[in-house]
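Here is the structure we will look at.
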Amino acid sequence: MSQDQTRPTNAKTNLELVDLYGWLRQVSREVRTAPEQHAFDFLRTAAEKKLGQRTSRRIRPGASKIGGLDDSGAWAVGFLSDVANRVSDRGDPFDPDTTFAGYHPTIVRIRASIDHLAASPDPVLLIGQRGTGKGQLMRAIHRKLNGDSAKANAIHLMSLGATAETIADSELFGHEEGSFTGASRSRSGALGHAIRSGEPLFLDDIGNCPESIQVKLLSALDDGIVRPVGADTPVSIGRGAARKLKIFAAIQPEALGDLRPDLRDRLWTLPTELPPLRERGLDVLLLADLALDMACQGNTVRPRMTRKVRRQLLAERWPGNVRELINVVKRAFRECGDATELGTDALARVRQLDARFRRHASRQRNERSEAVDGPDHFLTLEEATDLHVREALERTSGNVSRAAKLLSIPRSTLQGRLERMRR
């Protein structure tokens, strides 16, 4: 496993967490042999011997707020309470395909807050690194707002980071007929649709939003007016109780500085921060098992994840968070073939391939840099500028707004440059 993927950690602590997780899985199987009405008593007795009375007495229905315990103790209480709920036919508290699986205290609090986030009329700002589950939380809120009908109604999630400024303006605020080439009819845009339908507006990557769009969005929230592209006069969408507009926005922590302070203050009513995976402890092992279950669908054999692999998974930094973990586990499963164990060899092959691609990308960057001083070719100003743009995008992980700031040019200028580079 590459050094940059592994974080400094207490190996003894990781071993203790792996052993605790193994015990929790074992006792969750054993409880199924107990009478349904005694599931909680069975688990409390088992937990008292293993974890002590202070932890075991917290195991109860609906144990969502657990204070006075460390993260692993709270995790064990949440896990065992949910096991007892299922055995007692009280229903499964979460569906790993549709919301957040895990018992880290912060994740438990976020799951418990979904009803409040969905019901509040105020804007909701979801903050989290890439891959932490901001999109899934938006979908969970969407399902809560729509009930069972949400299975048929797909969420309309607009990614502002992947949309050019001119298109984002039209898509979000609408346009008048003939305002630009191809505008054969007037459109109200996503914001107008949200007002008419009463549905919330879901905006992803709002940190990548151009400042002109931020100004118009702030005007919509504060003054209740929008100006469609090509319109001579602004359109009123109502204010206060008359304005039926609920906005959910997602942003990466490092992009908070890209928001105008006034818009950030306006969206800061219900900020909800999703923790990075490396801080979620035993959630890593649970999510890895769920990823393995997904990978094994349609297969007769489910390989057993070894104790050493679990320790390695806990030791990684996971810069891509849950998305990266799921990807790694699925690829490691394919490396297993017909083996009955998912061991360190399979995980090492996956990580070696990752490291090779990283080295290849690094070598290509170095080759481009060396080309500037090469004896046979002196880069033109155009080529040197393209190289500088690529370096800025690599340094900002493809974030166009942040790359433009790094280059000290307007975002629209950088987008035009990128269009020319793609030709």
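Residue numbering restarts at 1 in every chain; chains get A, B, ... in the order shown in the structure tokens, and ligands count up from 1 in that same order.
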
(message) List as a PyMOL selection string the protein and nucleic acid residues near Glu176 (chain A), meaning an atom at most 9 Å away when only C-alpha atoms are counted, but skip any in the same chain fewer than 5 places from it.
(response) chain A and resi 183-188+228-231

Generate the output file for the selected residues, N, CA, C and O atoms, as a PDB file, in the first residue's frame.
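Listing of result.pdb after writing:
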ATOM      1  N   ALA A 183     -32.834  29.835 -28.576  1.00  0.00           N
ATOM      2  CA  ALA A 183     -33.910  30.129 -27.619  1.00  0.00           C
ATOM      3  C   ALA A 183     -35.203  30.360 -28.394  1.00  0.00           C
ATOM      4  O   ALA A 183     -35.633  31.496 -28.610  1.00  0.00           O
ATOM      5  N   SER A 184     -35.823  29.250 -28.822  1.00  0.00           N
ATOM      6  CA  SER A 184     -37.017  29.350 -29.662  1.00  0.00           C
ATOM      7  C   SER A 184     -38.269  29.678 -28.863  1.00  0.00           C
ATOM      8  O   SER A 184     -39.297  30.040 -29.439  1.00  0.00           O
ATOM      9  N   ARG A 185     -38.189  29.539 -27.552  1.00  0.00           N
ATOM     10  CA  ARG A 185     -39.343  29.881 -26.710  1.00  0.00           C
ATOM     11  C   ARG A 185     -38.839  30.297 -25.337  1.00  0.00           C
ATOM     12  O   ARG A 185     -37.697  30.011 -24.957  1.00  0.00           O
ATOM     13  N   SER A 186     -39.694  30.949 -24.609  1.00  0.00           N
ATOM     14  CA  SER A 186     -39.322  31.382 -23.263  1.00  0.00           C
ATOM     15  C   SER A 186     -39.363  30.192 -22.294  1.00  0.00           C
ATOM     16  O   SER A 186     -40.170  29.277 -22.456  1.00  0.00           O
ATOM     17  N   ARG A 187     -38.478  30.235 -21.304  1.00  0.00           N
ATOM     18  CA  ARG A 187     -38.454  29.197 -20.266  1.00  0.00           C
ATOM     19  C   ARG A 187     -38.297  29.854 -18.911  1.00  0.00           C
ATOM     20  O   ARG A 187     -37.610  30.874 -18.768  1.00  0.00           O
ATOM     21  N   SER A 188     -38.926  29.270 -17.896  1.00  0.00           N
ATOM     22  CA  SER A 188     -38.872  29.866 -16.560  1.00  0.00           C
ATOM     23  C   SER A 188     -37.635  29.452 -15.781  1.00  0.00           C
ATOM     24  O   SER A 188     -37.280  30.092 -14.795  1.00  0.00           O
ATOM     25  N   PRO A 228     -34.703  36.813 -15.871  1.00  0.00           N
ATOM     26  CA  PRO A 228     -34.376  35.815 -16.883  1.00  0.00           C
ATOM     27  C   PRO A 228     -33.448  36.402 -17.941  1.00  0.00           C
ATOM     28  O   PRO A 228     -33.434  37.617 -18.175  1.00  0.00           O
ATOM     29  N   VAL A 229     -32.658  35.544 -18.587  1.00  0.00           N
ATOM     30  CA  VAL A 229     -31.746  35.991 -19.640  1.00  0.00           C
ATOM     31  C   VAL A 229     -32.563  36.640 -20.754  1.00  0.00           C
ATOM     32  O   VAL A 229     -33.541  36.081 -21.241  1.00  0.00           O
ATOM     33  N   GLY A 230     -32.194  37.865 -21.133  1.00  0.00           N
ATOM     34  CA  GLY A 230     -32.875  38.567 -22.219  1.00  0.00           C
ATOM     35  C   GLY A 230     -34.088  39.356 -21.790  1.00  0.00           C
ATOM     36  O   GLY A 230     -34.695  40.052 -22.611  1.00  0.00           O
ATOM     37  N   ALA A 231     -34.452  39.282 -20.516  1.00  0.00           N
ATOM     38  CA  ALA A 231     -35.642  40.001 -20.040  1.00  0.00           C
ATOM     39  C   ALA A 231     -35.298  41.462 -19.753  1.00  0.00           C
ATOM     40  O   ALA A 231     -34.207  41.764 -19.252  1.00  0.00           O
TER      41      ALA A 231
END

(request) Show which residues sit within 7 Å of region 155-172 of chain A, as a PyMOL selection string. Count only C-alpha atoms, and ignore same-chain residues fewer than 3 positions away. (result) chain A and resi 139+142+175+189-191+202-206+208-210+213+228-229

(request) Quote the spacing between CA of Phe42 (chain A) and CA of Val108 (chain A) in Å to one decimal place. (result)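 So the two atoms, CA of Phe42 (chain A) and CA of Val108 (chain A), lie 23.4 Å apart.
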
(message) Can you tell me which residues surround Leu325 (chain A) at a distance of at most 10 Å, considering only C-alpha atoms, apart from same-chain residues fewer than 6 positions away, and format the answer as a ChimeraX atom specification?
(response) /A:131,277,284-285,287-288,291,313,316,318-319,331

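Restricting the calculation to only C-alpha atoms, the smallest distance between Glu199 (chain A) and any of A:Leu218, A:Ile141, A:Ala39, A:Ala84 is found for A:Ile141.
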
(message) Measuring between only C-alpha atoms, which one of A:Arg227, A:Leu314, A:Lys144, A:Pro234 shows the shortest distance to Arg280 (chain A)?
(response)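 With only C-alpha atoms as the atom set, the closest residue is A:Leu314.
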